[in-house]
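Single-structure report; data block below.
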Amino acid sequence: MRRLTAASRIAIPLVGALALSACSASGQDNTDSLQVVANPVAAKPAVSPAVTTKPAGQVLATPAVSAMATDEKTRTLAVAVTQPPSVLVYDLDSLSTPKATVPLPGPAESLTTSDGQAIASIPTKGELAKIALPGGQLTTQPVAGQPTAGVADGPDTIVAVRDRKAVEVLAGGAVTKTITGQLYSADDVVDTGQGVVVLDRLRTAVFSVDVNAGTMGEGLRAGDGAANATSDSYGRVLVTDARAGALLAFSVGPLILRQRYPVPGGIYGIAYDHQRNLAWVTLTGQNQVVGFDVRGGEPTEKYRFPTVRQPNTVSVDDRSGRVLVGSAAGEGTQVIQP
């Protein structure tokens, strides 16, 4: 475990004029040039070097991993792999081999779990795949456009649709609301329990969503290259800035940027341990995963481990604290016990 130096542990609070709104709650355009990205291109993970340090923990043999998530209710780990497109379902208490393999109509870009169900987004096919856990029974639902992420909201599903720049609410297999605003692209959606936020990678921004009213609210710039997002135990949204190398923390209701903490090394993937208040981020430029305690006024590094090559994805088993890291280069799924 390597700790940061005192100088690198300084968090950068952003308030007032530095936390500029990308759009108004009334839906009017904000032409502030600071909030518009010239020639917008979505942030990508840094290309990993060859592995020179043995990955920590255990490595399970899997094809290239595109997404993963754990489900505490059924004690399962769902791993989306690209070739062939499928979801591997593991028993978290016996991870040696998958208990089920669920073929998908196309590669999954994201994967979320809730109360015994996994939701995989398949933008190339315009479908959501819903997988019952742990058995692996599959149902698919067509979505107009390119669904990039779906999260359960009680009996409903909230879906980010990239090309249509929209967030949709699905109930009983039908679209009940289509929410649009100042998005360039809808790439991820996070339900914090205190509010819903959509991530726009092209605009490198986050926007609040009022699902009940069916409206897009305020927006804030999220660094130089917002990549991935998750929620923590404090109702905040944590975002990785892959271009500037930073971990951002936003509160919701209203949307405010609370922290911008420097994390060099190619920060990209992110997951959160709700039992230990640890934010785990992957550093694809260094083949590492780092755990930050986020309970205080600034993140504090607690753990740092070597990983498999191209660690684009990460998840956490809240019960045991184990960290799961997926290699996008096909070099396996790593299981680490801090």
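Ordering of the structure tokens sets the chain letters (A, B, ...), residue numbers begin anew at 1 in every chain, and ligands are numbered from 1 in the order given.
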Skip stretch 298-307 of chain A itself and residues of its chain fewer than 4 positions away, then list as a PDB file with all heavy atoms, in the first residue's frame all residues within 6 Å of it, counting only C-alpha atoms.
```pdb
ATOM      1  N   MET A   1       0.857  -1.182   0.000  1.00  0.00           N
ATOM      2  CA  MET A   1       0.000   0.000   0.000  1.00  0.00           C
ATOM      3  C   MET A   1       0.889   1.226   0.000  1.00  0.00           C
ATOM      4  O   MET A   1       1.801   1.362   0.807  1.00  0.00           O
ATOM      5  CB  MET A   1      -0.910  -0.004   1.229  1.00  0.00           C
ATOM      6  CG  MET A   1      -1.795   1.240   1.354  1.00  0.00           C
ATOM      7  SD  MET A   1      -2.883   1.136   2.785  1.00  0.00           S
ATOM      8  CE  MET A   1      -1.708   1.427   4.095  1.00  0.00           C
ATOM      9  N   ALA A  11      -7.324  18.708  -1.272  1.00  0.00           N
ATOM     10  CA  ALA A  11      -8.552  18.766  -2.055  1.00  0.00           C
ATOM     11  C   ALA A  11      -8.767  20.206  -2.498  1.00  0.00           C
ATOM     12  O   ALA A  11      -8.329  21.147  -1.845  1.00  0.00           O
ATOM     13  CB  ALA A  11      -9.742  18.299  -1.229  1.00  0.00           C
ATOM     14  N   PRO A  55      -0.663  -8.976 -10.314  1.00  0.00           N
ATOM     15  CA  PRO A  55      -1.914  -8.438  -9.767  1.00  0.00           C
ATOM     16  C   PRO A  55      -2.194  -8.999  -8.374  1.00  0.00           C
ATOM     17  O   PRO A  55      -1.938 -10.174  -8.097  1.00  0.00           O
ATOM     18  CB  PRO A  55      -2.969  -8.909 -10.775  1.00  0.00           C
ATOM     19  CG  PRO A  55      -2.219  -9.103 -12.053  1.00  0.00           C
ATOM     20  CD  PRO A  55      -0.865  -9.608 -11.632  1.00  0.00           C
ATOM     21  N   ALA A  56      -2.707  -8.146  -7.505  1.00  0.00           N
ATOM     22  CA  ALA A  56      -3.033  -8.573  -6.148  1.00  0.00           C
ATOM     23  C   ALA A  56      -4.208  -9.543  -6.166  1.00  0.00           C
ATOM     24  O   ALA A  56      -5.055  -9.504  -7.057  1.00  0.00           O
ATOM     25  CB  ALA A  56      -3.372  -7.351  -5.296  1.00  0.00           C
ATOM     26  N   ASN A 287      -2.205   0.530 -14.250  1.00  0.00           N
ATOM     27  CA  ASN A 287      -2.664  -0.797 -13.840  1.00  0.00           C
ATOM     28  C   ASN A 287      -2.761  -0.880 -12.311  1.00  0.00           C
ATOM     29  O   ASN A 287      -2.156  -1.736 -11.664  1.00  0.00           O
ATOM     30  CB  ASN A 287      -1.724  -1.890 -14.369  1.00  0.00           C
ATOM     31  CG  ASN A 287      -1.770  -2.013 -15.883  1.00  0.00           C
ATOM     32  OD1 ASN A 287      -2.812  -1.807 -16.503  1.00  0.00           O
ATOM     33  ND2 ASN A 287      -0.647  -2.351 -16.488  1.00  0.00           N
ATOM     34  N   GLN A 288      -3.577   0.017 -11.745  1.00  0.00           N
ATOM     35  CA  GLN A 288      -3.770   0.045 -10.303  1.00  0.00           C
ATOM     36  C   GLN A 288      -5.230   0.317  -9.969  1.00  0.00           C
ATOM     37  O   GLN A 288      -5.980   0.872 -10.785  1.00  0.00           O
ATOM     38  CB  GLN A 288      -2.899   1.137  -9.657  1.00  0.00           C
ATOM     39  CG  GLN A 288      -1.411   0.874  -9.723  1.00  0.00           C
ATOM     40  CD  GLN A 288      -0.598   1.998  -9.092  1.00  0.00           C
ATOM     41  OE1 GLN A 288      -1.075   3.112  -8.920  1.00  0.00           O
ATOM     42  NE2 GLN A 288       0.644   1.699  -8.747  1.00  0.00           N
ATOM     43  N   VAL A 289      -5.606  -0.067  -8.747  1.00  0.00           N
ATOM     44  CA  VAL A 289      -6.899   0.314  -8.184  1.00  0.00           C
ATOM     45  C   VAL A 289      -6.623   0.939  -6.824  1.00  0.00           C
ATOM     46  O   VAL A 289      -5.769   0.461  -6.062  1.00  0.00           O
ATOM     47  CB  VAL A 289      -7.862  -0.891  -8.078  1.00  0.00           C
ATOM     48  CG1 VAL A 289      -7.339  -1.955  -7.123  1.00  0.00           C
ATOM     49  CG2 VAL A 289      -9.255  -0.435  -7.678  1.00  0.00           C
ATOM     50  N   VAL A 290      -7.317   2.055  -6.534  1.00  0.00           N
ATOM     51  CA  VAL A 290      -7.045   2.818  -5.324  1.00  0.00           C
ATOM     52  C   VAL A 290      -8.352   3.010  -4.559  1.00  0.00           C
ATOM     53  O   VAL A 290      -9.392   3.326  -5.153  1.00  0.00           O
ATOM     54  CB  VAL A 290      -6.431   4.201  -5.656  1.00  0.00           C
ATOM     55  CG1 VAL A 290      -6.045   4.929  -4.373  1.00  0.00           C
ATOM     56  CG2 VAL A 290      -5.218   4.054  -6.572  1.00  0.00           C
ATOM     57  N   GLY A 291      -8.291   2.825  -3.242  1.00  0.00           N
ATOM     58  CA  GLY A 291      -9.460   3.027  -2.388  1.00  0.00           C
ATOM     59  C   GLY A 291      -9.313   4.296  -1.569  1.00  0.00           C
ATOM     60  O   GLY A 291      -8.320   4.466  -0.852  1.00  0.00           O
ATOM     61  N   PHE A 292     -10.308   5.203  -1.686  1.00  0.00           N
ATOM     62  CA  PHE A 292     -10.307   6.464  -0.951  1.00  0.00           C
ATOM     63  C   PHE A 292     -11.436   6.483   0.072  1.00  0.00           C
ATOM     64  O   PHE A 292     -12.589   6.197  -0.268  1.00  0.00           O
ATOM     65  CB  PHE A 292     -10.500   7.654  -1.893  1.00  0.00           C
ATOM     66  CG  PHE A 292      -9.337   7.934  -2.799  1.00  0.00           C
ATOM     67  CD1 PHE A 292      -9.364   7.524  -4.123  1.00  0.00           C
ATOM     68  CD2 PHE A 292      -8.218   8.619  -2.327  1.00  0.00           C
ATOM     69  CE1 PHE A 292      -8.301   7.788  -4.960  1.00  0.00           C
ATOM     70  CE2 PHE A 292      -7.153   8.886  -3.166  1.00  0.00           C
ATOM     71  CZ  PHE A 292      -7.182   8.474  -4.486  1.00  0.00           C
ATOM     72  N   ASP A 293     -11.115   6.831   1.314  1.00  0.00           N
ATOM     73  CA  ASP A 293     -12.130   7.103   2.323  1.00  0.00           C
ATOM     74  C   ASP A 293     -12.687   8.494   2.034  1.00  0.00           C
ATOM     75  O   ASP A 293     -11.939   9.475   2.005  1.00  0.00           O
ATOM     76  CB  ASP A 293     -11.496   7.055   3.715  1.00  0.00           C
ATOM     77  CG  ASP A 293     -12.511   7.155   4.839  1.00  0.00           C
ATOM     78  OD1 ASP A 293     -13.550   7.821   4.657  1.00  0.00           O
ATOM     79  OD2 ASP A 293     -12.260   6.577   5.908  1.00  0.00           O
ATOM     80  N   VAL A 294     -14.008   8.587   1.815  1.00  0.00           N
ATOM     81  CA  VAL A 294     -14.606   9.861   1.419  1.00  0.00           C
ATOM     82  C   VAL A 294     -15.505  10.438   2.505  1.00  0.00           C
ATOM     83  O   VAL A 294     -16.364  11.268   2.235  1.00  0.00           O
ATOM     84  CB  VAL A 294     -15.384   9.720   0.093  1.00  0.00           C
ATOM     85  CG1 VAL A 294     -14.455   9.353  -1.043  1.00  0.00           C
ATOM     86  CG2 VAL A 294     -16.512   8.695   0.216  1.00  0.00           C
TER      87      VAL A 294
END
```
Per residue of stretch 200-223 of chain A within 9 Å of stretch 248-259 of chain A, note the shortest atom pair and the distance in Å to one decimal, counting only C-alpha atoms, and order the rows by chain and increasing residue number, as CSV.
```
residue,atom,partner,partner_atom,distance
A:Val206,CA,A:Leu255,CA,8.7
A:Phe207,CA,A:Leu255,CA,7.9
A:Ser208,CA,A:Leu255,CA,6.7
A:Gly217,CA,A:Leu255,CA,9.0
A:Glu218,CA,A:Leu255,CA,6.9
A:Gly219,CA,A:Leu255,CA,7.3
A:Leu220,CA,A:Leu255,CA,7.5
A:Arg221,CA,A:Leu257,CA,8.9
A:Ala222,CA,A:Leu248,CA,7.3
A:Gly223,CA,A:Leu248,CA,7.8
```
Which residue gives the smallest distance to A:Ser114 among A:Ala69, A:Val143, A:Ala205, A:Ala100, with only C-alpha atoms counted?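 The answer is A:Ala69, which sits nearest to A:Ser114.
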As an NGL selection string, please: every residue in stretch 17-145 of chain A that DSSP puts in strand (DSSP E or B). :A and (21-23 or 29 or 58-60 or 65-71 or 76-81 or 86-91 or 94 or 100-103 or 110-114 or 117-122 or 127-132 or 138-142)
Nearest residue to A:Gly135 from the set A:Ala120, A:Val167, A:Val151, A:Val87 (distances using only C-alpha atoms): A:Val87
Any idea what's packed within 10 Å of A:Leu183, counting only C-alpha atoms, ignoring anything in its chain fewer than 4 positions away? Could you give it as a PyMOL selection string? chain A and resi 22-23+162+164-167+187+198-207+216+219
Name all residues at most 7 Å from A:Arg243 (count only C-alpha atoms; drop same-chain ones fewer than 5 positions away) and give them as a list in words. Ala43, Asp224 and Gly225 of chain A
So which residues touch A:Asn212 within 10 Å, counting only C-alpha atoms, skipping near sequence neighbours fewer than 2 positions away, as a ChimeraX atom specification? /A:169,177,209-210,214-215
Selected residues written out, all heavy atoms, as a PDB file, in the first residue's frame:
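And here's again-v5.pdb as it stands now:
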```pdb
ATOM      1  N   VAL A 169     -38.228   7.119 -18.864  1.00  0.00           N
ATOM      2  CA  VAL A 169     -38.751   6.310 -17.769  1.00  0.00           C
ATOM      3  C   VAL A 169     -39.621   5.226 -18.381  1.00  0.00           C
ATOM      4  O   VAL A 169     -40.570   5.512 -19.127  1.00  0.00           O
ATOM      5  CB  VAL A 169     -39.570   7.156 -16.780  1.00  0.00           C
ATOM      6  CG1 VAL A 169     -40.097   6.278 -15.651  1.00  0.00           C
ATOM      7  CG2 VAL A 169     -38.711   8.283 -16.224  1.00  0.00           C
ATOM      8  N   LYS A 177     -42.274   8.528 -19.779  1.00  0.00           N
ATOM      9  CA  LYS A 177     -41.747   9.893 -19.816  1.00  0.00           C
ATOM     10  C   LYS A 177     -40.481   9.924 -20.666  1.00  0.00           C
ATOM     11  O   LYS A 177     -39.666   8.995 -20.600  1.00  0.00           O
ATOM     12  CB  LYS A 177     -41.424  10.414 -18.411  1.00  0.00           C
ATOM     13  CG  LYS A 177     -42.625  10.623 -17.521  1.00  0.00           C
ATOM     14  CD  LYS A 177     -42.202  11.064 -16.130  1.00  0.00           C
ATOM     15  CE  LYS A 177     -43.422  11.204 -15.217  1.00  0.00           C
ATOM     16  NZ  LYS A 177     -43.033  11.529 -13.826  1.00  0.00           N
ATOM     17  N   VAL A 209     -32.036  15.621 -12.789  1.00  0.00           N
ATOM     18  CA  VAL A 209     -33.261  15.208 -13.473  1.00  0.00           C
ATOM     19  C   VAL A 209     -34.385  15.106 -12.454  1.00  0.00           C
ATOM     20  O   VAL A 209     -34.242  14.397 -11.447  1.00  0.00           O
ATOM     21  CB  VAL A 209     -33.076  13.854 -14.189  1.00  0.00           C
ATOM     22  CG1 VAL A 209     -34.349  13.456 -14.925  1.00  0.00           C
ATOM     23  CG2 VAL A 209     -31.895  13.893 -15.150  1.00  0.00           C
ATOM     24  N   ASP A 210     -35.472  15.805 -12.696  1.00  0.00           N
ATOM     25  CA  ASP A 210     -36.669  15.681 -11.868  1.00  0.00           C
ATOM     26  C   ASP A 210     -37.569  14.658 -12.546  1.00  0.00           C
ATOM     27  O   ASP A 210     -38.298  14.972 -13.484  1.00  0.00           O
ATOM     28  CB  ASP A 210     -37.377  17.030 -11.741  1.00  0.00           C
ATOM     29  CG  ASP A 210     -38.525  16.988 -10.727  1.00  0.00           C
ATOM     30  OD1 ASP A 210     -39.140  15.916 -10.552  1.00  0.00           O
ATOM     31  OD2 ASP A 210     -38.804  18.035 -10.116  1.00  0.00           O
ATOM     32  N   GLY A 214     -40.704  15.253 -14.846  1.00  0.00           N
ATOM     33  CA  GLY A 214     -40.335  14.985 -16.228  1.00  0.00           C
ATOM     34  C   GLY A 214     -39.525  16.105 -16.847  1.00  0.00           C
ATOM     35  O   GLY A 214     -39.670  16.397 -18.035  1.00  0.00           O
ATOM     36  N   THR A 215     -38.639  16.744 -16.039  1.00  0.00           N
ATOM     37  CA  THR A 215     -37.869  17.876 -16.534  1.00  0.00           C
ATOM     38  C   THR A 215     -36.381  17.717 -16.224  1.00  0.00           C
ATOM     39  O   THR A 215     -35.995  17.055 -15.255  1.00  0.00           O
ATOM     40  CB  THR A 215     -38.354  19.193 -15.896  1.00  0.00           C
ATOM     41  OG1 THR A 215     -38.247  19.096 -14.470  1.00  0.00           O
ATOM     42  CG2 THR A 215     -39.797  19.488 -16.292  1.00  0.00           C
TER      43      THR A 215
END
```
List the spatial neighbours of A:Thr333 as a PyMOL selection string - criterion: any atom at most 12 Å away, only C-alpha atoms, same-chain residues fewer than 2 positions off excluded. chain A and resi 55-68+77-81+88+90+95-98+307-315+323-331+335-336
Using only C-alpha atoms for the distances, tell me which of A:Tyr261, A:Glu109, A:Ile119, A:Gly181 is nearest to A:Thr148.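 Of all the options, A:Glu109 lies closest to A:Thr148.
The spacing separating atom CA of A:Ala213 from atom CA of A:Lys130 amounts to 26.2 Å.
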Long-range neighbours of A:Tyr272 as a short mmCIF file (atom, residue, chain, number, x, y, z; two decimals) with all heavy atoms, in the first residue's frame, 8 Å cut-off, only C-alpha atoms, 2 positions minimum in chain:
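Okay, part.cif is ready:
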```
data_model
loop_
_atom_site.label_atom_id
_atom_site.label_comp_id
_atom_site.auth_asym_id
_atom_site.auth_seq_id
_atom_site.Cartn_x
_atom_site.Cartn_y
_atom_site.Cartn_z
N THR A 230 -20.85 7.26 -9.95
CA THR A 230 -21.59 6.40 -9.03
C THR A 230 -22.08 7.27 -7.88
O THR A 230 -21.73 8.44 -7.78
CB THR A 230 -20.69 5.25 -8.51
OG1 THR A 230 -21.50 4.29 -7.82
CG2 THR A 230 -19.62 5.76 -7.55
N SER A 231 -22.90 6.69 -7.01
CA SER A 231 -23.38 7.43 -5.84
C SER A 231 -22.69 6.91 -4.59
O SER A 231 -22.20 5.78 -4.55
CB SER A 231 -24.90 7.29 -5.71
OG SER A 231 -25.25 5.93 -5.53
N ASP A 232 -22.66 7.75 -3.54
CA ASP A 232 -22.08 7.32 -2.28
C ASP A 232 -23.14 7.30 -1.18
O ASP A 232 -24.34 7.47 -1.46
CB ASP A 232 -20.88 8.19 -1.90
CG ASP A 232 -21.25 9.63 -1.54
OD1 ASP A 232 -22.46 9.94 -1.41
OD2 ASP A 232 -20.33 10.45 -1.39
N ILE A 270 -15.02 3.47 -11.51
CA ILE A 270 -15.33 3.84 -10.12
C ILE A 270 -16.44 2.95 -9.57
O ILE A 270 -17.35 2.53 -10.28
CB ILE A 270 -15.74 5.33 -10.02
CG1 ILE A 270 -15.91 5.76 -8.56
CG2 ILE A 270 -17.00 5.62 -10.83
CD1 ILE A 270 -16.01 7.26 -8.37
N HIS A 274 -20.46 0.91 0.32
CA HIS A 274 -21.36 1.63 1.22
C HIS A 274 -21.16 1.25 2.68
O HIS A 274 -21.54 2.03 3.57
CB HIS A 274 -22.81 1.38 0.81
CG HIS A 274 -23.19 2.02 -0.48
ND1 HIS A 274 -23.75 3.28 -0.56
CD2 HIS A 274 -23.06 1.59 -1.77
CE1 HIS A 274 -23.98 3.59 -1.83
NE2 HIS A 274 -23.56 2.59 -2.57
N ASN A 277 -17.52 3.19 3.30
CA ASN A 277 -17.41 4.55 2.77
C ASN A 277 -16.12 4.74 1.97
O ASN A 277 -15.42 5.75 2.10
CB ASN A 277 -17.50 5.58 3.89
CG ASN A 277 -18.84 5.53 4.61
OD1 ASN A 277 -19.88 5.73 4.01
ND2 ASN A 277 -18.79 5.21 5.89
N LEU A 278 -15.83 3.73 1.15
CA LEU A 278 -14.64 3.78 0.30
C LEU A 278 -15.04 3.93 -1.16
O LEU A 278 -15.88 3.18 -1.66
CB LEU A 278 -13.81 2.50 0.46
CG LEU A 278 -13.13 2.27 1.81
CD1 LEU A 278 -12.52 0.88 1.85
CD2 LEU A 278 -12.07 3.33 2.07
N ALA A 279 -14.46 4.90 -1.82
CA ALA A 279 -14.61 5.02 -3.27
C ALA A 279 -13.39 4.35 -3.91
O ALA A 279 -12.24 4.72 -3.64
CB ALA A 279 -14.67 6.49 -3.69
N TRP A 280 -13.67 3.35 -4.75
CA TRP A 280 -12.59 2.63 -5.43
C TRP A 280 -12.52 3.12 -6.88
O TRP A 280 -13.53 3.12 -7.59
CB TRP A 280 -12.85 1.13 -5.41
CG TRP A 280 -12.64 0.52 -4.06
CD1 TRP A 280 -13.58 0.29 -3.09
CD2 TRP A 280 -11.40 0.06 -3.52
NE1 TRP A 280 -13.00 -0.28 -1.98
CE2 TRP A 280 -11.66 -0.44 -2.21
CE3 TRP A 280 -10.10 0.00 -4.01
CZ2 TRP A 280 -10.67 -0.98 -1.40
CZ3 TRP A 280 -9.09 -0.53 -3.20
CH2 TRP A 280 -9.38 -1.01 -1.92
N SER A 315 -15.95 -3.11 -9.25
CA SER A 315 -17.15 -3.25 -8.43
C SER A 315 -16.72 -3.67 -7.04
O SER A 315 -15.54 -3.99 -6.80
CB SER A 315 -18.11 -4.28 -9.05
OG SER A 315 -19.35 -4.28 -8.36
N VAL A 316 -17.67 -3.66 -6.10
CA VAL A 316 -17.35 -3.96 -4.70
C VAL A 316 -18.40 -4.88 -4.12
O VAL A 316 -19.60 -4.74 -4.39
CB VAL A 316 -17.30 -2.66 -3.86
CG1 VAL A 316 -16.94 -2.98 -2.41
CG2 VAL A 316 -16.31 -1.67 -4.43
#
```
Measuring between only C-alpha atoms, which one of A:Val175, A:Ile267, A:Val190, A:Val41 shows the shortest distance to A:Asp153?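 Under the stated criterion, the closest residue is A:Val190.
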Pick from A:Val211, A:Ala227, A:Val237, A:Ala152, whichever lies nearest to A:Gly266 using only C-alpha atoms: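 Ranking A:Val211, A:Ala227, A:Val237, A:Ala152 by distance to A:Gly266, first place goes to A:Ala227.
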Between A:Arg276, A:Gly235, A:Arg260, A:Glu168, which residue has the minimum interatomic distance to A:Thr192, considering only C-alpha atoms?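 Smallest separation from A:Thr192 among the options: A:Gly235.
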